[in-house]
Structures are given as C-alpha cells and as structure tokens.
file model-v4.cif (mmCIF, C-alpha atoms)
data_input
#
loop_
_atom_site.label_atom_id
_atom_site.label_comp_id
_atom_site.auth_asym_id
_atom_site.auth_seq_id
_atom_site.Cartn_x
_atom_site.Cartn_y
_atom_site.Cartn_z
CA MET G 1 78.16 69.99 11.18
CA MET G 2 79.20 70.28 14.85
CA VAL G 3 77.73 67.95 17.47
CA PRO G 4 74.50 69.36 19.00
CA VAL G 5 75.08 70.95 22.40
CA ARG G 6 71.98 69.41 23.95
CA CYS G 7 69.75 66.44 23.35
CA PHE G 8 66.82 67.52 21.15
CA THR G 9 64.32 65.59 23.23
CA CYS G 10 65.22 66.01 26.88
CA GLY G 11 67.66 68.94 26.94
CA ASN G 12 70.52 67.11 28.60
CA VAL G 13 73.96 68.46 27.66
CA VAL G 14 75.54 65.82 25.39
CA GLY G 15 78.05 67.89 23.39
CA GLU G 16 80.76 67.57 26.02
CA HIS G 17 80.89 63.78 25.58
CA TRP G 18 81.27 63.82 21.81
CA GLU G 19 85.06 63.96 21.53
CA GLU G 20 85.62 61.10 23.93
CA PHE G 21 82.84 59.03 22.36
CA ASN G 22 84.22 59.67 18.88
CA ALA G 23 87.77 58.77 19.85
CA ARG G 24 86.82 55.61 21.72
CA ALA G 25 83.87 54.19 19.79
CA ASP G 26 83.83 55.61 16.27
CA GLU G 27 87.57 55.77 15.65
CA GLY G 28 88.62 53.39 18.40
CA ASP G 29 87.48 49.83 18.71
CA GLU G 30 85.41 49.99 21.90
CA ASP G 31 81.78 48.97 22.09
CA PRO G 32 79.64 52.13 21.68
CA GLN G 33 77.16 50.80 24.23
CA GLU G 34 79.79 50.46 26.93
CA VAL G 35 81.32 53.85 26.16
CA LEU G 36 77.93 55.57 26.45
CA ASP G 37 77.24 53.78 29.73
CA GLU G 38 80.58 54.92 31.11
CA LEU G 39 79.99 58.49 29.99
CA GLY G 40 76.69 58.51 31.88
CA VAL G 41 74.55 59.06 28.80
CA ASP G 42 71.68 56.87 29.95
CA ARG G 43 68.53 57.75 28.04
CA TYR G 44 68.10 56.55 24.49
CA CYS G 45 67.18 60.04 23.31
CA CYS G 46 70.62 61.31 24.37
CA ARG G 47 72.40 58.20 23.11
CA ARG G 48 71.08 58.59 19.59
CA MET G 49 72.44 62.16 19.52
CA LEU G 50 75.99 60.82 19.75
CA VAL G 51 75.55 57.54 17.88
CA SER G 52 73.99 59.16 14.82
CA HIS G 53 76.24 62.21 14.63
CA THR G 54 78.83 62.84 11.91
CA ASP G 55 81.20 65.79 12.01
CA LEU G 56 81.02 67.70 8.73
CA VAL G 57 83.37 70.61 9.44
CA ASP G 58 86.20 68.94 7.51
CA VAL G 59 83.89 68.33 4.56
CA VAL G 60 82.60 71.89 4.42
CA SER G 61 85.74 73.87 5.24
CA PRO G 62 87.30 73.92 1.70
CA TYR G 63 84.25 75.77 0.35
CA GLN G 64 84.49 79.12 2.07
CA MET X 1 48.17 75.82 55.61
CA ALA X 2 51.55 74.73 56.86
CA THR X 3 51.89 71.02 56.29
CA ASP X 4 55.18 69.22 56.55
CA TYR X 5 55.86 66.75 53.81
CA ASP X 6 57.73 63.58 54.49
CA VAL X 7 60.70 63.53 52.10
CA GLU X 8 63.12 60.64 51.84
CA PHE X 9 66.09 60.43 49.47
CA VAL X 10 66.73 57.24 47.54
CA GLU X 11 69.67 58.50 45.49
CA ARG X 12 71.31 61.85 45.90
CA GLU X 13 74.01 63.44 43.81
CA ASP X 14 74.69 67.02 42.80
CA ARG X 15 73.04 66.83 39.41
CA GLU X 16 70.77 63.84 39.77
CA ALA X 17 68.54 62.66 42.58
CA ARG X 18 65.61 60.42 43.33
CA PHE X 19 63.43 61.14 46.33
CA LEU X 20 60.17 60.05 47.81
CA VAL X 21 57.55 62.54 48.91
CA ARG X 22 54.62 61.35 51.01
CA GLY X 23 51.36 63.07 51.70
CA VAL X 24 50.98 65.07 48.50
CA THR X 25 48.12 64.98 46.03
CA PRO X 26 48.82 64.12 42.37
CA ALA X 27 47.97 67.73 41.50
CA PHE X 28 50.59 69.09 43.87
CA ALA X 29 53.21 66.61 42.66
CA ASN X 30 52.61 67.74 39.12
CA GLY X 31 52.69 71.37 40.23
CA ILE X 32 56.20 70.87 41.62
CA ARG X 33 57.30 69.11 38.45
CA ARG X 34 55.99 71.89 36.26
CA ALA X 35 57.57 74.54 38.45
CA MET X 36 60.95 72.79 38.15
CA VAL X 37 60.72 72.66 34.37
CA ALA X 38 59.16 76.00 33.53
CA ASP X 39 59.26 78.41 36.45
CA VAL X 40 62.76 78.33 37.89
CA PRO X 41 64.78 81.03 36.10
CA THR X 42 68.31 80.30 34.90
CA MET X 43 70.96 82.28 33.07
CA ALA X 44 71.54 81.70 29.36
CA VAL X 45 73.14 83.60 26.51
CA ASP X 46 70.47 85.54 24.65
CA THR X 47 72.17 88.15 22.45
CA VAL X 48 75.52 87.77 20.70
CA ARG X 49 77.57 90.51 19.04
CA PHE X 50 80.03 89.08 16.53
CA ILE X 51 83.30 90.92 16.03
CA GLU X 52 84.79 88.29 13.78
CA ASN X 53 83.43 84.96 12.61
CA SER X 54 85.29 83.34 9.75
CA SER X 55 84.30 79.82 10.80
CA VAL X 56 82.24 77.41 8.67
CA MET X 57 79.05 78.18 10.61
CA PHE X 58 76.81 81.22 10.35
CA ASP X 59 76.60 83.77 13.15
CA GLU X 60 73.11 82.71 14.17
CA GLN X 61 74.09 79.05 14.35
CA ILE X 62 76.93 79.84 16.71
CA ALA X 63 74.67 82.15 18.72
CA LEU X 64 72.23 79.26 19.18
CA ARG X 65 75.02 76.96 20.34
CA LEU X 66 76.23 79.57 22.84
CA GLY X 67 72.66 79.94 24.11
CA LEU X 68 72.39 76.24 24.88
CA VAL X 69 75.54 76.14 27.03
CA PRO X 70 74.39 75.90 30.66
CA LEU X 71 75.62 78.73 32.90
CA THR X 72 75.80 78.62 36.68
CA THR X 73 72.96 80.50 38.35
CA PRO X 74 73.82 83.18 40.92
CA PRO X 75 72.27 82.84 44.41
CA GLU X 76 68.68 83.97 44.75
CA GLY X 77 68.32 87.72 45.14
CA GLU X 78 71.61 88.54 43.39
CA PHE X 79 69.94 88.96 40.03
CA VAL X 80 66.53 90.04 38.89
CA GLU X 81 64.92 89.10 35.64
CA ASP X 82 66.50 90.77 32.58
CA ASP X 83 69.81 91.63 34.28
CA THR X 84 72.66 90.85 31.89
CA VAL X 85 76.11 89.34 32.24
CA THR X 86 78.57 89.62 29.36
CA LEU X 87 80.68 86.66 28.29
CA SER X 88 83.36 87.03 25.67
CA ILE X 89 85.07 84.45 23.52
CA ASP X 90 88.16 84.83 21.36
CA VAL X 91 89.69 81.78 19.71
CA GLN X 92 92.11 81.73 16.79
CA GLY X 93 92.29 78.62 14.59
CA PRO X 94 93.51 75.98 14.14
CA ALA X 95 91.71 75.07 17.37
CA THR X 96 88.32 74.18 18.73
CA ALA X 97 86.40 76.82 20.63
CA TYR X 98 84.97 75.30 23.80
CA SER X 99 82.42 76.63 26.24
CA GLY X 100 85.32 76.85 28.70
CA ASP X 101 86.86 79.57 26.52
CA LEU X 102 84.03 81.91 27.47
CA VAL X 103 85.29 84.63 29.80
CA SER X 104 82.59 85.98 32.07
CA SER X 105 82.29 89.48 33.48
CA ASP X 106 80.81 88.04 36.68
CA ASP X 107 82.32 85.27 38.80
CA LEU X 108 78.88 84.01 39.77
CA VAL X 109 77.95 83.25 36.17
CA GLN X 110 80.32 80.79 34.53
CA PRO X 111 79.86 78.01 31.99
CA ALA X 112 78.72 74.95 33.99
CA ASP X 113 80.36 72.56 31.55
CA GLU X 114 83.74 73.52 30.14
CA ASN X 115 84.09 70.92 27.41
CA VAL X 116 81.18 71.63 25.11
CA PRO X 117 82.59 72.19 21.62
CA ILE X 118 81.20 75.39 20.10
CA ILE X 119 82.93 75.37 16.73
CA GLN X 120 85.97 73.74 15.21
CA LEU X 121 88.24 76.35 13.59
CA LYS X 122 90.63 75.65 10.73
CA ASP X 123 93.78 77.60 9.79
CA ASP X 124 93.24 81.36 9.68
CA GLN X 125 89.70 81.07 10.98
CA ARG X 126 88.79 83.09 14.02
CA LEU X 127 85.87 83.52 16.34
CA GLU X 128 85.54 86.63 18.43
CA ALA X 129 82.23 87.53 20.01
CA GLU X 130 80.55 89.06 23.00
CA ALA X 131 77.50 87.35 24.41
CA ASP X 132 74.93 88.79 26.80
CA ALA X 133 73.38 86.29 29.18
CA ILE X 134 70.03 87.03 30.76
CA MET X 135 67.93 85.46 33.48
CA ASN X 136 64.67 84.02 32.21
CA HIS X 137 62.20 81.16 32.66
CA GLY X 138 62.02 77.76 31.03
CA LYS X 139 58.57 78.54 29.72
CA ASN X 140 60.07 81.24 27.48
CA HIS X 141 62.88 79.19 25.96
CA ALA X 142 64.20 75.67 26.58
CA LYS X 143 67.71 77.07 27.14
CA HIS X 144 66.44 78.59 30.43
CA GLN X 145 65.16 75.24 31.64
CA GLY X 146 67.18 74.14 34.67
CA GLY X 147 65.55 70.75 35.22
CA VAL X 148 66.17 68.02 32.69
CA ALA X 149 63.91 64.98 32.40
CA VAL X 150 62.04 65.78 35.61
CA GLY X 151 59.36 63.23 36.39
CA TYR X 152 57.65 61.23 39.09
CA ARG X 153 56.05 57.85 39.57
CA HIS X 154 53.81 56.36 42.18
CA LEU X 155 55.62 54.48 44.88
CA GLN X 156 54.63 50.82 44.53
CA ARG X 157 54.27 48.36 47.36
CA VAL X 158 55.24 44.74 46.83
CA GLU X 159 53.33 42.07 48.64
CA VAL X 160 54.16 38.38 48.60
CA VAL X 161 50.85 36.60 48.29
CA GLY X 162 52.03 33.02 48.10
CA ASP X 163 54.30 30.42 46.58
CA LEU X 164 54.25 29.34 42.98
CA ASP X 165 53.56 25.69 42.18
CA GLU X 166 56.73 23.65 42.19
CA PHE X 167 56.97 23.11 38.43
CA GLU X 168 55.31 26.29 37.30
CA GLU X 169 57.55 28.52 35.24
CA GLN X 170 57.81 32.00 36.68
CA GLU X 171 56.95 34.82 34.33
CA SER X 172 58.98 37.99 34.53
CA GLN X 173 57.23 40.92 36.14
CA ILE X 174 58.79 44.15 34.98
CA VAL X 175 58.51 47.23 37.16
CA ARG X 176 60.39 50.52 36.98
CA GLY X 177 61.02 53.14 39.61
CA VAL X 178 61.15 52.43 43.32
CA VAL X 179 59.26 49.74 45.18
CA GLU X 180 58.47 49.52 48.88
CA ASP X 181 59.07 46.17 50.49
CA ASP X 182 58.19 46.00 54.21
CA GLY X 183 58.87 49.71 54.56
CA GLU X 184 62.24 49.43 52.82
CA LEU X 185 62.74 51.46 49.64
CA VAL X 186 64.37 49.50 46.83
CA PRO X 187 65.22 51.04 43.42
CA THR X 188 64.16 48.54 40.77
CA SER X 189 67.57 48.77 39.08
CA GLU X 190 68.89 46.64 42.00
CA PHE X 191 67.07 43.60 40.63
CA ASP X 192 67.21 44.46 36.93
CA HIS X 193 63.62 45.82 37.01
CA ASP X 194 62.23 42.28 37.24
CA LEU X 195 60.41 41.16 40.37
CA ALA X 196 61.00 37.52 39.38
CA ASN X 197 64.69 38.05 40.19
CA ARG X 198 63.98 39.36 43.67
CA TYR X 199 61.27 36.88 44.60
CA PRO X 200 62.06 33.60 42.85
CA GLY X 201 59.30 31.04 43.27
CA LYS X 202 56.93 33.53 44.88
CA GLU X 203 53.74 35.05 43.71
CA VAL X 204 53.83 38.78 44.27
CA ARG X 205 51.35 41.59 43.92
CA LEU X 206 52.07 45.25 43.24
CA GLU X 207 49.92 48.15 44.25
CA ASP X 208 50.30 51.91 44.15
CA VAL X 209 50.81 53.58 47.49
CA PRO X 210 48.34 56.46 47.66
CA GLU X 211 49.78 59.97 47.94
CA ALA X 212 53.38 58.83 47.68
CA PHE X 213 55.46 59.92 44.71
CA VAL X 214 59.02 59.16 43.74
CA PHE X 215 60.56 62.09 41.90
CA HIS X 216 63.48 61.72 39.57
CA VAL X 217 65.20 65.05 39.05
CA GLU X 218 68.22 65.92 36.93
CA THR X 219 69.67 69.35 36.31
CA ASP X 220 71.70 70.68 33.39
CA GLY X 221 74.38 71.95 35.79
CA SER X 222 72.94 75.43 36.34
CA PHE X 223 72.47 74.51 40.00
CA THR X 224 72.25 71.46 42.25
CA VAL X 225 69.11 69.36 42.53
CA ASP X 226 68.53 70.70 46.07
CA GLU X 227 68.62 74.24 44.77
CA LEU X 228 66.27 73.44 41.89
CA VAL X 229 63.65 71.81 44.11
CA THR X 230 63.76 74.58 46.75
CA ARG X 231 63.51 77.27 44.11
CA ALA X 232 60.60 75.47 42.47
CA ALA X 233 58.80 75.29 45.82
CA ASP X 234 59.57 78.97 46.45
CA SER X 235 58.13 79.93 43.08
CA ILE X 236 54.88 78.13 43.94
CA ILE X 237 54.76 79.96 47.29
CA ASP X 238 55.37 83.29 45.56
CA ARG X 239 52.58 82.74 43.08
CA ALA X 240 50.21 81.53 45.77
CA THR X 241 50.89 84.63 47.89
CA GLU X 242 50.44 86.82 44.86
CA LEU X 243 47.09 85.23 44.16
CA GLU X 244 46.02 85.57 47.79
CA ASP X 245 46.93 89.27 47.80
CA ALA X 246 45.17 89.84 44.50
CA VAL X 247 41.84 88.39 45.63
CA GLN X 248 41.87 89.97 49.10
CA LEU X 249 38.94 92.21 49.81
#

call {"tool": "encode", "arguments": {"input": "model-v4.cif", "output": "structure tokens"}}
result
Amino acid sequence: MMVPVRCFTCGNVVGEHWEEFNARADEGDEDPQEVLDELGVDRYCCRRMLVSHTDLVDVVSPYQ
Amino acid sequence: MATDYDVEFVEREDREARFLVRGVTPAFANGIRRAMVADVPTMAVDTVRFIENSSVMFDEQIALRLGLVPLTTPPEGEFVEDDTVTLSIDVQGPATAYSGDLVSSDDLVQPADENVPIIQLKDDQRLEAEADAIMNHGKNHAKHQGGVAVGYRHLQRVEVVGDLDEFEEQESQIVRGVVEDDGELVPTSEFDHDLANRYPGKEVRLEDVPEAFVFHVETDGSFTVDELVTRAADSIIDRATELEDAVQL
C-alpha cells in the first residue's frame, strides 16, 4: 500500500526517499542504482525496500 | 576504575560516524554496542486516538506508521520514562499526510524527518488523529531504537612483507572497515576495499590489532551520534553503579 516508513531489517528511515526515487527511477529514466547512491541509501536491505515497492493506494481507493 | 580510552574519529557527521577506540576488551566493545541499540531511550508515538480516518488504511496500520516516525529526543533530565507528549495531525484530501504535518505540544519533541509519507488521501478523505509519544527503550520496541546498524570491527594493520615476482599476477585481497598503515588510519573505501589497488606489486599481510575496535554508528535522527554514544556510556555507568549499590554490604 504505502511505502514502509523504515527498513524492515536495519530500521533506517527509508520512507522519506520514496517520492524522489519513484519520480526519478521508476517513472523517470534514471538508473535506480545511481539514484539510490545519491539519496544515501547505502545498504542493500534498505535499497530493496524502495526497489521492490509498489504503491497500491490508487488501486485500492475505489473500493471503500 | 577510571581509565581513559583513546578515541579517534575516522568519519564524523551528525547522523553517521566511524571512530576508533583503543584499549577496550571485546566484551566492553559489545557492551557499548548493545547499550546503543537497546538501552538508550527515545521518544516514539505509542497510542493514537483517531477522530476521523476515512483513508484506505485501517487505524492500526496508520498508528504503526506514526510510531515508526523518528522524533527528536529532549535533553537528558527533561523527561523521565513514561512521560507523554501529544502530537496531532489533521490533513484533508486530496493530499498526502506527511510526518511534517504532525503538530507537537512540546518544542523539544518534533518529527526528525519531515518528509515521511504517512498516508495518501484521495478526494473527501480525511485523517485527524492525536498521538501520544512516550519515552522508552529499544529493547521494548524497535521504534524506540535510536541507533541504526551499529557495529564494530577489529582495526587491521597492514604490513608489506615483500615484492611479488615480476610476472606473477596479483590476486585481489578484499578487506572492509578501516586499516592501519604505519599509524595512519585509512578507510578501505578509499581503495575500493581491495589491498591490491593500494599496494600494486607488493605482498601484504593483514593482522588484527588487539584491543582496538572501529565502531560504525548511525542514528535514525532522534539525536546526533555524539549524543547516542555518550548516553549509551552513561547508561552503562548507571547500571554499574546500581549493581555496586545493590551488592554493598
């Protein structure tokens, strides 16, 4: 649904980087690896949180 | 026992640091690490009263998300365990509710990161809630854990033992952390973690330096690294004094 606030494994706050990552890498045409490096998301546990996330709010919202 | 420890910083930023401590036993190094992770109290939202939640997520899901938002920790002595601070949030859709929308009743306790999305609201959806933040320890819930990915490694000393044969191909020698080269501290990221890059054509040997540990400490924003380490040390002192008093005849 919404991006997790923290990394499940290490507890680092990753939620704040989601919107920029989504705009630049998922919807934009930048290399996800470079975007994550620039955002300072270094560990692979935190990186997978953003790489593997899909926002589902738009999918769910019609079914209230 | 009042021993001074030799501490040297390799990297130092507000939320992330790497420092070398000499003259500590492995047990003490681990004690500090554990204190940083589990024994330094931080503020976090614990109870949420919902006034209106017409978003796509359930109350308890949003309460969990609010709990995970890091809050700044007031200076030591300002708060005791179980004191509460109330934060309120009121966002009307279409909009996204961010951690920065939380309004705190106390200036000392504010969201440390303002851009964490809590919930995306569509037309006519609204989120209004009051959240009580309490001070507690990391051992009770991960949301109260101030230190993130706290760890340490032995300091390693590099010694050049000789030259490689002229036509011998050099194998890469991967090492991570910080190495000591003639008393100079070098983070291994400077040479891409491969000693073959730093000493081409040389044969090198690595050995652990006894009683020297390189800590890598990151915080979630509740406080600075300095604060976290001092508070961890203080918590060890407190418990040691408590034990001493308890076993006194």

call {"tool": "interface_residues", "arguments": {"input": "model-v4.cif", "of": "chain X", "to": "chain G", "cutoff": "7 Å", "atoms": "only C-alpha atoms", "output": "list in words"}}
result
Val56, Arg65, Leu68, Val69, Asn115, Val116, Pro117, Ile119, Val148, Ala149 and Asp220 of chain X

call {"tool": "resolve_selection", "arguments": {"input": "model-v4.cif", "expression": "the PyMOL selection byres ((chain X and resi 12-28) around 8)", "output": "ChimeraX atom specification"}}
result
/X:5-11,29-32,155,211-221,223-226

call {"tool": "atom_distance", "arguments": {"input": "model-v4.cif", "atom1": "CA of His137 (chain X)", "atom2": "CA of Val37 (chain X)"}}
result
8.8 Å

call {"tool": "resolve_selection", "arguments": {"input": "model-v4.cif", "expression": "the PyMOL selection byres ((chain G and resi 47) around 10)", "output": "list in words"}}
result
Cys7, Val14, Pro32, Gln33, Leu36, Asp37, Gly40, Val41, Asp42, Arg43, Tyr44, Cys45, Cys46, Arg48, Met49, Leu50, Val51 and Ser52 of chain G

call {"tool": "resolve_selection", "arguments": {"input": "model-v4.cif", "expression": "the PyMOL selection byres ((chain X and resi 101) around 8)", "output": "ChimeraX atom specification"}}
result
/X:89-91,97-100,102-103,114

call {"tool": "atom_distance", "arguments": {"input": "model-v4.cif", "atom1": "CA of Gln173 (chain X)", "atom2": "CA of Leu206 (chain X)"}}
result
9.8 Å

call {"tool": "atom_distance", "arguments": {"input": "model-v4.cif", "atom1": "CA of Glu169 (chain X)", "atom2": "CA of His193 (chain X)"}}
result
18.4 Å

call {"tool": "closest_residue", "arguments": {"input": "model-v4.cif", "among": "X:Glu130, X:Glu60, X:Glu159, X:Glu203", "to": "Ser104 (chain X)", "atoms": "only C-alpha atoms"}}
result
X:Glu130

call {"tool": "residues_around", "arguments": {"input": "model-v4.cif", "residues": "Lys143 (chain X)", "least_positions_apart": "3", "cutoff": "7 Å", "atoms": "only C-alpha atoms", "output": "count of residues only"}}
result
4

call {"tool": "closest_residue", "arguments": {"input": "model-v4.cif", "among": "X:Glu207, X:Asp194, X:Asp83, X:Glu227", "to": "Asp46 (chain X)", "atoms": "all atoms listed in the file"}}
result
X:Asp83

call {"tool": "axis_aligned_box", "arguments": {"input": "model-v4.cif", "around": "region 25-33 of chain G", "padding_each_side": "5 Å", "output": "lines of an AutoDock Vina configuration file"}}
result
center_x = 82.9
center_y = 52.4
center_z = 19.9
size_x = 21.5
size_y = 16.8
size_z = 18.6

call {"tool": "residues_around", "arguments": {"input": "model-v4.cif", "residues": "Gly177 (chain X)", "least_positions_apart": "2", "cutoff": "8 Å", "atoms": "only C-alpha atoms", "output": "VMD selection string"}}
result
chain X and resid 153 155 175 179 187 to 189 214
